[in-house]
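The structure appears right after this line, and notes come after that.
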Amino acid sequence: MIRTVDYLDGKVVLIDQNRLPHQLVTIELFDYREVADAIKTMKVRGAPALGVTAAIGVALGAQEIETADHQEFMSKLEQVASEIRATRPTAVNLFWGVDRILAAARQADGKPIEQIKEELNELARSMVQEDEDTCRRLGRNGAELLKDGDTVLTHCNAGGLACVGYGTALGVIRAAVESGKRIRVFADETRPRLQGMKLTAWELAQDGIDVTIIADNMAASLMRKGMIDACVVGADRITANGDTANKIGTYSVALAAKAHGVPFYVAAPMSTVDFQIASGEEIPIEERSSEEMTHVDGHRIAPEGVPVMNPSFDVTPAEYISAIITEKGVVRPTFEKTLKLLKGEG
Ligand code: MRU
């Protein structure tokens with residue numbers, strides 16, 4: 001499968017996710033402002049993909065800064081960074097990606113600006129490959145938790161389309177399938193933007209993985225009937241205590257899983273763990289446009305004039321999470337302790 005995000009010869013290449021599942025189309029961006037717009041308009045989405053795209057955006061922005069003075073270079077690069085940071089608030093990977101490029105630029109003080117620009121390009125390109133490698137390691141770690149014959153429920157899209165490729169939650173499923181296990185997937189459609197139906201179902205079907213779409217409100221009932229063996233979801237931000245922000249509706253899945261004794265796994269790279277924030281209450285939750293609720297593919301389905309709410313993410317408290325799967329290993333509660341150990345600070 002082609003990469004969701006790539007950085008080739010001074011241009012950013014993205015799969016336009018708003019055109020899926022009907023059309024698989026890539027777009028080419030040559031300016032960091034276009035990159036910021038692609039993030040805002042969800043042409044690219046999903047936490048790890050946002051991290052890599054944001055990093056590329058800052059590296060691309062660096063190329064147009066004309067100065068020989070490092071201080072001036074840094075102050076202009078900070079402006080680029082703040083435009084990229086302002087695109088979406090919840091996925092911490094986006095800020096992680098921006099900060100990695102800024103830190104490299106800062107450390108390069110004393111080198112010629114043209115060389116710094118090339119080094120930032122090189123770092124951004126290496127982050128593309130790194131994301132793929134991270135997902136594969138994470139996938140292999142998580143695959144151990146699934147048994148041959150399991151049926152797995154997932155919410156939203158934490159697949160190759162949410163990363164450079166392969167995916168986090170779907171990476172776990174892919175790795176289990178690659179190791180010879182028979183896995184069936186139920187994909188929550190994921191109102192309001194339908195990433196589960198439009199993206200998860202599409203990419204699993206492309207790979208020949210057994211996937212069935214369900215409406216979000218069917219998940220609890222399937223669990224009650226004993227039809228789900230495990231839930232695996234992605235994350236946009238995991239706080240130091242393990243609380244996890246992910247697509248709105250994830251919390252309901254976790255509650256239902258707890259009630260029915262179904263294990264609930266969160267799969268995410270370490271770049272999704274925000275050790276600066278103690279608990280989920282502090283995570284900024286993006287509120288998106290009411291049109292996402294009132295319209296489906298441009299057609300109004302709601303009555304005119306009735307207010308709607310559209311928080312794009314919710315927070316699942318750590319107590320509902322059975323394990324967090326990362327590229328460094330799988331951790332179980334108490335996450336405050338185990339996540340720190342994983343980071344190497346225990
Ligand atoms: O609004 P989106 O589509 O960017 O939300 C995506 C999700 O909630 C994913 O589950 C999350 O980013 C993890 S992606 C590996």
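In the structure tokens, the first chain shown is A, the next is B, and so on; residue numbers restart at 1 for each chain, and ligands run from 1 in the order shown.
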
Enumerate as a ChimeraX atom specification the residues within 8 Å of ligand 1, counting only C-alpha atoms and all ligand atoms. /A:42,44-50,91,155-160,162-163,167-169,193,195,233-236,245-248,267-268,312-313

Grab the residues selected above and save them as a CSV table (one decimal), in the first residue's frame with N, CA, C and O atoms.
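Final output, saved to out.csv:
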```csv
chain,number,residue,atom,x,y,z
A,42,MET,N,-8.8,17.8,7.4
A,42,MET,CA,-8.8,16.3,7.6
A,42,MET,C,-8.4,15.6,6.3
A,42,MET,O,-8.8,14.4,6.2
A,44,VAL,N,-5.5,14.8,5.9
A,44,VAL,CA,-4.7,13.9,6.7
A,44,VAL,C,-5.1,14.0,8.1
A,44,VAL,O,-5.5,15.0,8.6
A,45,ARG,N,-5.2,12.8,8.8
A,45,ARG,CA,-5.7,12.8,10.1
A,45,ARG,C,-5.2,11.5,10.8
A,45,ARG,O,-4.6,10.7,10.1
A,46,GLY,N,-5.5,11.4,12.1
A,46,GLY,CA,-4.9,10.2,12.9
A,46,GLY,C,-3.6,10.7,13.5
A,46,GLY,O,-2.8,11.3,12.9
A,47,ALA,N,-3.5,10.4,14.8
A,47,ALA,CA,-2.4,11.0,15.6
A,47,ALA,C,-1.0,10.8,15.0
A,47,ALA,O,-0.3,11.8,14.8
A,48,PRO,N,-0.5,9.6,14.7
A,48,PRO,CA,0.8,9.4,14.2
A,48,PRO,C,1.0,10.1,12.9
A,48,PRO,O,2.1,10.8,12.7
A,49,ALA,N,0.0,10.1,12.0
A,49,ALA,CA,0.1,10.7,10.7
A,49,ALA,C,0.2,12.3,10.9
A,49,ALA,O,1.0,12.9,10.2
A,50,LEU,N,-0.5,12.8,11.9
A,50,LEU,CA,-0.4,14.2,12.2
A,50,LEU,C,1.0,14.6,12.7
A,50,LEU,O,1.5,15.6,12.4
A,91,ALA,N,-4.4,15.7,19.5
A,91,ALA,CA,-3.4,14.6,19.3
A,91,ALA,C,-2.0,15.3,19.6
A,91,ALA,O,-1.5,16.2,19.0
A,155,HIS,N,-12.6,1.1,16.9
A,155,HIS,CA,-13.4,2.3,16.8
A,155,HIS,C,-12.6,3.3,16.1
A,155,HIS,O,-11.4,3.4,16.3
A,156,CYS,N,-13.2,4.1,15.2
A,156,CYS,CA,-12.6,5.1,14.4
A,156,CYS,C,-11.6,4.4,13.4
A,156,CYS,O,-11.8,3.3,13.1
A,157,ASN,N,-10.5,5.1,13.1
A,157,ASN,CA,-9.5,4.5,12.2
A,157,ASN,C,-8.1,4.8,12.9
A,157,ASN,O,-7.6,5.9,12.9
A,158,ALA,N,-7.5,3.7,13.4
A,158,ALA,CA,-6.2,3.7,13.9
A,158,ALA,C,-5.4,2.7,13.0
A,158,ALA,O,-4.7,1.8,13.5
A,159,GLY,N,-5.5,3.0,11.7
A,159,GLY,CA,-4.8,2.1,10.8
A,159,GLY,C,-3.7,2.7,10.0
A,159,GLY,O,-3.2,3.7,10.5
A,160,GLY,N,-3.3,2.1,8.9
A,160,GLY,CA,-2.3,2.7,8.1
A,160,GLY,C,-2.6,4.1,7.7
A,160,GLY,O,-1.7,4.9,7.5
A,162,ALA,N,-4.0,6.3,9.4
A,162,ALA,CA,-3.8,7.2,10.6
A,162,ALA,C,-2.3,7.4,10.9
A,162,ALA,O,-2.0,8.1,11.9
A,163,CYS,N,-1.5,6.7,10.2
A,163,CYS,CA,0.0,6.7,10.4
A,163,CYS,C,0.6,6.8,9.0
A,163,CYS,O,-0.1,7.1,8.1
A,167,GLY,N,-0.3,1.0,10.8
A,167,GLY,CA,-1.3,1.4,11.8
A,167,GLY,C,-0.9,0.9,13.2
A,167,GLY,O,0.0,0.2,13.4
A,168,THR,N,-1.7,1.4,14.2
A,168,THR,CA,-1.5,1.0,15.6
A,168,THR,C,-2.5,-0.1,16.0
A,168,THR,O,-2.2,-1.2,16.0
A,169,ALA,N,-3.8,0.3,16.2
A,169,ALA,CA,-4.8,-0.7,16.5
A,169,ALA,C,-4.9,-1.7,15.3
A,169,ALA,O,-4.9,-3.0,15.5
A,193,ARG,N,-18.0,11.6,11.6
A,193,ARG,CA,-17.2,11.6,10.3
A,193,ARG,C,-17.1,10.3,9.7
A,193,ARG,O,-16.6,10.2,8.6
A,195,GLN,N,-15.1,7.6,10.2
A,195,GLN,CA,-13.8,7.1,9.8
A,195,GLN,C,-13.7,5.6,9.9
A,195,GLN,O,-13.0,4.9,9.2
A,233,VAL,N,-8.2,-0.1,20.3
A,233,VAL,CA,-8.4,1.2,19.7
A,233,VAL,C,-7.1,1.9,19.7
A,233,VAL,O,-6.1,1.5,20.4
A,234,GLY,N,-7.0,3.1,19.0
A,234,GLY,CA,-5.8,3.9,19.0
A,234,GLY,C,-6.0,5.0,20.1
A,234,GLY,O,-6.8,4.9,21.0
A,235,ALA,N,-5.1,6.0,20.0
A,235,ALA,CA,-5.1,7.1,21.0
A,235,ALA,C,-4.6,8.4,20.4
A,235,ALA,O,-3.7,8.3,19.5
A,236,ASP,N,-5.1,9.5,20.8
A,236,ASP,CA,-4.6,10.8,20.4
A,236,ASP,C,-3.7,11.4,21.5
A,236,ASP,O,-2.9,12.2,21.2
A,245,ALA,N,-7.3,9.9,25.6
A,245,ALA,CA,-8.2,10.6,24.6
A,245,ALA,C,-8.1,9.9,23.3
A,245,ALA,O,-7.1,9.6,22.8
A,246,ASN,N,-9.3,9.6,22.8
A,246,ASN,CA,-9.4,9.0,21.4
A,246,ASN,C,-10.7,9.4,20.9
A,246,ASN,O,-11.5,10.2,21.5
A,247,LYS,N,-11.0,9.0,19.7
A,247,LYS,CA,-12.2,9.5,19.0
A,247,LYS,C,-13.5,9.4,19.8
A,247,LYS,O,-13.6,8.4,20.6
A,248,ILE,N,-14.4,10.4,19.8
A,248,ILE,CA,-15.6,10.4,20.5
A,248,ILE,C,-16.3,9.0,20.3
A,248,ILE,O,-16.4,8.5,19.2
A,267,ALA,N,-3.7,0.9,21.7
A,267,ALA,CA,-2.5,0.7,20.9
A,267,ALA,C,-2.0,2.1,20.4
A,267,ALA,O,-2.7,2.8,19.7
A,268,ALA,N,-0.8,2.5,20.9
A,268,ALA,CA,-0.3,3.8,20.5
A,268,ALA,C,1.3,3.8,20.6
A,268,ALA,O,1.8,3.2,21.5
A,312,SER,N,-14.9,16.2,19.3
A,312,SER,CA,-14.3,15.2,18.4
A,312,SER,C,-13.7,14.0,19.1
A,312,SER,O,-13.5,13.0,18.6
A,313,PHE,N,-13.4,14.2,20.4
A,313,PHE,CA,-12.7,13.2,21.2
A,313,PHE,C,-13.4,13.0,22.6
A,313,PHE,O,-14.0,14.0,23.0
```

Near-region 314-318 of chain A list (12 Å; only C-alpha atoms; drop same-chain fewer than 3 positions) as a PyMOL selection string: chain A and resi 90-91+233-258+264-266+278-287+310-311+321-324+331-336+339

Residues from last step as file, N, CA and C atoms, as a short mmCIF file (atom, residue, chain, number, x, y, z; two decimals), in the first residue's frame:
```cif
data_model
loop_
_atom_site.label_atom_id
_atom_site.label_comp_id
_atom_site.auth_asym_id
_atom_site.auth_seq_id
_atom_site.Cartn_x
_atom_site.Cartn_y
_atom_site.Cartn_z
N THR A 90 -5.85 18.16 19.90
CA THR A 90 -5.91 17.02 20.82
C THR A 90 -4.76 16.04 20.67
N ALA A 91 -4.42 15.66 19.45
CA ALA A 91 -3.36 14.65 19.27
C ALA A 91 -2.00 15.26 19.63
N VAL A 233 -8.20 -0.15 20.26
CA VAL A 233 -8.39 1.20 19.70
C VAL A 233 -7.06 1.94 19.71
N GLY A 234 -7.02 3.06 19.00
CA GLY A 234 -5.82 3.91 19.01
C GLY A 234 -5.96 4.98 20.08
N ALA A 235 -5.10 5.99 20.02
CA ALA A 235 -5.14 7.08 21.00
C ALA A 235 -4.60 8.36 20.38
N ASP A 236 -5.14 9.46 20.84
CA ASP A 236 -4.63 10.78 20.43
C ASP A 236 -3.74 11.39 21.49
N ARG A 237 -4.02 11.05 22.74
CA ARG A 237 -3.13 11.50 23.82
C ARG A 237 -3.38 10.61 25.04
N ILE A 238 -2.29 10.08 25.58
CA ILE A 238 -2.36 9.27 26.80
C ILE A 238 -1.63 10.07 27.88
N THR A 239 -2.29 10.31 29.01
CA THR A 239 -1.63 11.11 30.04
C THR A 239 -0.79 10.21 30.96
N ALA A 240 -0.03 10.82 31.85
CA ALA A 240 0.92 10.07 32.68
C ALA A 240 0.26 8.95 33.48
N ASN A 241 -1.03 9.12 33.81
CA ASN A 241 -1.72 8.08 34.60
C ASN A 241 -2.46 7.07 33.72
N GLY A 242 -2.34 7.19 32.40
CA GLY A 242 -2.96 6.21 31.49
C GLY A 242 -4.30 6.63 30.93
N ASP A 243 -4.88 7.73 31.43
CA ASP A 243 -6.14 8.21 30.83
C ASP A 243 -5.88 8.47 29.34
N THR A 244 -6.87 8.13 28.51
CA THR A 244 -6.62 8.14 27.06
C THR A 244 -7.70 8.89 26.28
N ALA A 245 -7.26 9.92 25.55
CA ALA A 245 -8.18 10.60 24.63
C ALA A 245 -8.14 9.87 23.30
N ASN A 246 -9.29 9.56 22.78
CA ASN A 246 -9.40 8.98 21.43
C ASN A 246 -10.75 9.44 20.86
N LYS A 247 -11.03 9.04 19.66
CA LYS A 247 -12.24 9.49 18.96
C LYS A 247 -13.48 9.36 19.85
N ILE A 248 -14.35 10.35 19.77
CA ILE A 248 -15.61 10.35 20.54
C ILE A 248 -16.33 9.01 20.33
N GLY A 249 -16.78 8.44 21.45
CA GLY A 249 -17.42 7.13 21.38
C GLY A 249 -16.53 6.02 21.92
N THR A 250 -15.24 6.30 22.03
CA THR A 250 -14.31 5.28 22.56
C THR A 250 -14.67 4.96 24.01
N TYR A 251 -15.02 5.99 24.77
CA TYR A 251 -15.36 5.80 26.18
C TYR A 251 -16.55 4.85 26.33
N SER A 252 -17.56 5.01 25.48
CA SER A 252 -18.73 4.11 25.55
C SER A 252 -18.32 2.67 25.28
N VAL A 253 -17.39 2.49 24.34
CA VAL A 253 -16.91 1.13 24.03
C VAL A 253 -16.22 0.55 25.27
N ALA A 254 -15.39 1.40 25.93
CA ALA A 254 -14.65 0.93 27.11
C ALA A 254 -15.60 0.56 28.25
N LEU A 255 -16.65 1.37 28.44
CA LEU A 255 -17.64 1.08 29.49
C LEU A 255 -18.33 -0.25 29.23
N ALA A 256 -18.72 -0.45 27.98
CA ALA A 256 -19.41 -1.69 27.63
C ALA A 256 -18.47 -2.88 27.79
N ALA A 257 -17.20 -2.69 27.43
CA ALA A 257 -16.23 -3.78 27.54
C ALA A 257 -16.05 -4.17 29.00
N LYS A 258 -15.94 -3.17 29.87
CA LYS A 258 -15.78 -3.44 31.31
C LYS A 258 -16.99 -4.22 31.83
N PHE A 264 -10.00 -4.45 27.00
CA PHE A 264 -10.01 -3.20 26.22
C PHE A 264 -8.56 -2.71 26.11
N TYR A 265 -8.01 -2.79 24.89
CA TYR A 265 -6.60 -2.44 24.68
C TYR A 265 -6.48 -1.12 23.91
N VAL A 266 -5.50 -0.31 24.34
CA VAL A 266 -5.15 0.92 23.62
C VAL A 266 -3.79 0.69 22.96
N ALA A 278 -0.90 15.16 33.95
CA ALA A 278 -1.11 14.12 34.96
C ALA A 278 -2.34 13.27 34.66
N SER A 279 -3.44 13.90 34.22
CA SER A 279 -4.66 13.12 34.01
C SER A 279 -5.47 13.67 32.83
N GLY A 280 -6.45 12.88 32.43
CA GLY A 280 -7.24 13.18 31.23
C GLY A 280 -8.02 14.48 31.28
N GLU A 281 -8.30 14.95 32.51
CA GLU A 281 -9.08 16.19 32.60
C GLU A 281 -8.38 17.37 31.94
N GLU A 282 -7.07 17.29 31.84
CA GLU A 282 -6.31 18.42 31.28
C GLU A 282 -6.15 18.34 29.75
N ILE A 283 -6.64 17.29 29.13
CA ILE A 283 -6.45 17.16 27.67
C ILE A 283 -7.38 18.11 26.94
N PRO A 284 -6.84 18.95 26.03
CA PRO A 284 -7.73 19.82 25.25
C PRO A 284 -8.53 18.98 24.25
N ILE A 285 -9.84 19.15 24.27
CA ILE A 285 -10.70 18.37 23.38
C ILE A 285 -11.18 19.28 22.25
N GLU A 286 -10.91 18.84 21.03
CA GLU A 286 -11.30 19.62 19.85
C GLU A 286 -12.82 19.60 19.65
N GLU A 287 -13.37 20.77 19.43
CA GLU A 287 -14.79 20.87 19.05
C GLU A 287 -14.80 21.15 17.55
N ASN A 310 -20.47 18.93 19.00
CA ASN A 310 -19.60 18.04 18.23
C ASN A 310 -18.18 17.96 18.80
N PRO A 311 -18.07 17.47 20.06
CA PRO A 311 -16.70 17.24 20.56
C PRO A 311 -16.11 16.05 19.81
N ILE A 321 -8.96 0.55 31.07
CA ILE A 321 -8.01 0.06 30.06
C ILE A 321 -7.25 -1.15 30.59
N SER A 322 -7.32 -2.25 29.85
CA SER A 322 -6.66 -3.50 30.31
C SER A 322 -5.16 -3.43 30.08
N ALA A 323 -4.75 -2.86 28.95
CA ALA A 323 -3.31 -2.76 28.66
C ALA A 323 -3.10 -1.69 27.60
N ILE A 324 -1.91 -1.09 27.64
CA ILE A 324 -1.50 -0.14 26.60
C ILE A 324 -0.36 -0.79 25.82
N VAL A 331 2.10 -2.58 28.45
CA VAL A 331 2.05 -2.32 29.89
C VAL A 331 0.63 -2.46 30.42
N ARG A 332 0.57 -2.88 31.68
CA ARG A 332 -0.72 -3.04 32.36
C ARG A 332 -0.74 -2.09 33.56
N PRO A 333 -1.91 -1.90 34.18
CA PRO A 333 -1.98 -0.99 35.33
C PRO A 333 -1.05 -1.47 36.46
N THR A 334 -0.56 -0.57 37.28
CA THR A 334 -0.89 0.84 37.35
C THR A 334 -0.05 1.62 36.34
N PHE A 335 -0.72 2.30 35.39
CA PHE A 335 0.00 2.91 34.25
C PHE A 335 0.95 4.02 34.68
N GLU A 336 0.62 4.71 35.75
CA GLU A 336 1.49 5.78 36.23
C GLU A 336 2.91 5.23 36.41
N LEU A 339 4.11 3.04 32.67
CA LEU A 339 4.47 3.90 31.52
C LEU A 339 5.83 4.56 31.76
#
```

From the options A:Pro303, A:Gly110, A:Gly10, A:Pro21, which residue's atoms come nearest to Ala62 (chain A), counting only C-alpha atoms? A:Gly10

Write out as a VMD selection string all residues of region 86-293 of chain A that DSSP puts in strand (DSSP E or B) for this structure's backbone. chain A and resid 151 to 154 159 167 184 to 188 210 to 214 230 to 233 237 to 239 244 to 247 264 to 267 273 to 274 287

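Proximity ranking of A:His299, A:Lys328, A:His22, A:Lys198 relative to Lys343 (chain A) places A:Lys328 first, based on only C-alpha atoms.
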
Residue set, region 125-173 of chain A restricted to alpha helix (DSSP H), as a list in words: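 For region 125-173 of chain A, the alpha helix (DSSP H) set is Arg125, Ser126, Met127, Val128, Gln129, Glu130, Asp131, Glu132, Asp133, Thr134, Cys135, Arg136, Arg137, Leu138, Gly139, Arg140, Asn141, Gly142, Ala143, Ala169, Leu170, Gly171, Val172 and Ile173 of chain A.
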
Phe275 (chain A) proximity check over A:Asp297, A:Glu345, A:Glu34, A:Glu319, using only C-alpha atoms: winner is A:Glu345

CA of Val98 (chain A) to CA of Leu29 (chain A) measures 17.6 Å

Restricting the calculation to only C-alpha atoms, which member of A:Arg19, A:Ala81, A:Val296, A:Val52 is positioned closest to Leu194 (chain A)? A:Val296

Distance CA of Thr272 (chain A)-CA of Asn93 (chain A), one decimal place? 5.5 Å

Please measure the separation of CA of His260 (chain A) and CA of Val152 (chain A), giving the value in Å to one decimal. 14.1 Å

For Asn121 (chain A), list every protein, DNA or RNA residue within 9 Å, evaluated using only C-alpha atoms, and leave out those in the same chain fewer than 6 positions away; present the list as number ranges by chain. A: 7, 10, 56, 59-60, 62-63

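In this comparison, which uses only C-alpha atoms, the residue of A:Arg174, A:Val13, A:Ile65, A:Gly57 approaching Gln206 (chain A) most closely is A:Arg174.
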
I need the residue nearest Ile301 (chain A) from this list: A:Asp216, A:Leu146, A:Pro192, A:Asp229. Use only C-alpha atoms for the distance. A:Pro192

Spatial neighbours of His70 (chain A), 9 Å, only C-alpha atoms, chain gap at least 2 places, as a PDB file with N, CA and C atoms, in the first residue's frame:
```
ATOM      1  N   THR A  67      17.648  33.968   5.324  1.00  0.00           N
ATOM      2  CA  THR A  67      18.513  34.721   6.233  1.00  0.00           C
ATOM      3  C   THR A  67      19.776  33.903   6.477  1.00  0.00           C
ATOM      4  N   ALA A  68      20.828  34.588   6.910  1.00  0.00           N
ATOM      5  CA  ALA A  68      22.055  33.854   7.277  1.00  0.00           C
ATOM      6  C   ALA A  68      22.221  33.866   8.793  1.00  0.00           C
ATOM      7  N   GLU A  72      17.449  34.951  13.703  1.00  0.00           N
ATOM      8  CA  GLU A  72      16.321  35.343  12.842  1.00  0.00           C
ATOM      9  C   GLU A  72      15.658  34.099  12.230  1.00  0.00           C
ATOM     10  N   PHE A  73      16.501  33.137  11.860  1.00  0.00           N
ATOM     11  CA  PHE A  73      15.981  31.873  11.304  1.00  0.00           C
ATOM     12  C   PHE A  73      15.043  31.223  12.323  1.00  0.00           C
ATOM     13  N   MET A  74      15.498  31.166  13.586  1.00  0.00           N
ATOM     14  CA  MET A  74      14.687  30.509  14.613  1.00  0.00           C
ATOM     15  C   MET A  74      13.384  31.265  14.858  1.00  0.00           C
ATOM     16  N   SER A  75      13.447  32.601  14.837  1.00  0.00           N
ATOM     17  CA  SER A  75      12.199  33.313  15.151  1.00  0.00           C
ATOM     18  C   SER A  75      11.184  33.131  14.007  1.00  0.00           C
ATOM     19  N   ALA A 105      16.695  22.280  14.933  1.00  0.00           N
ATOM     20  CA  ALA A 105      17.120  23.571  14.380  1.00  0.00           C
ATOM     21  C   ALA A 105      17.880  24.373  15.435  1.00  0.00           C
ATOM     22  N   ARG A 106      17.382  24.312  16.652  1.00  0.00           N
ATOM     23  CA  ARG A 106      18.033  25.043  17.754  1.00  0.00           C
ATOM     24  C   ARG A 106      19.446  24.503  17.996  1.00  0.00           C
ATOM     25  N   ALA A 108      21.377  23.130  16.029  1.00  0.00           N
ATOM     26  CA  ALA A 108      22.301  23.299  14.895  1.00  0.00           C
ATOM     27  C   ALA A 108      22.924  24.697  14.866  1.00  0.00           C
ATOM     28  N   ASP A 109      22.683  25.487  15.894  1.00  0.00           N
ATOM     29  CA  ASP A 109      23.238  26.851  15.978  1.00  0.00           C
ATOM     30  C   ASP A 109      24.740  26.802  15.680  1.00  0.00           C
ATOM     31  N   GLY A 110      25.197  27.698  14.809  1.00  0.00           N
ATOM     32  CA  GLY A 110      26.627  27.723  14.461  1.00  0.00           C
ATOM     33  C   GLY A 110      26.884  27.138  13.083  1.00  0.00           C
ATOM     34  N   LYS A 111      25.940  26.322  12.581  1.00  0.00           N
ATOM     35  CA  LYS A 111      26.105  25.747  11.235  1.00  0.00           C
ATOM     36  C   LYS A 111      25.526  26.714  10.195  1.00  0.00           C
ATOM     37  N   PRO A 112      25.982  26.641   8.945  1.00  0.00           N
ATOM     38  CA  PRO A 112      25.381  27.488   7.905  1.00  0.00           C
ATOM     39  C   PRO A 112      23.887  27.163   7.751  1.00  0.00           C
ATOM     40  N   ILE A 113      23.071  28.196   7.515  1.00  0.00           N
ATOM     41  CA  ILE A 113      21.606  28.012   7.447  1.00  0.00           C
ATOM     42  C   ILE A 113      21.224  26.998   6.370  1.00  0.00           C
TER      43      ILE A 113
END
```
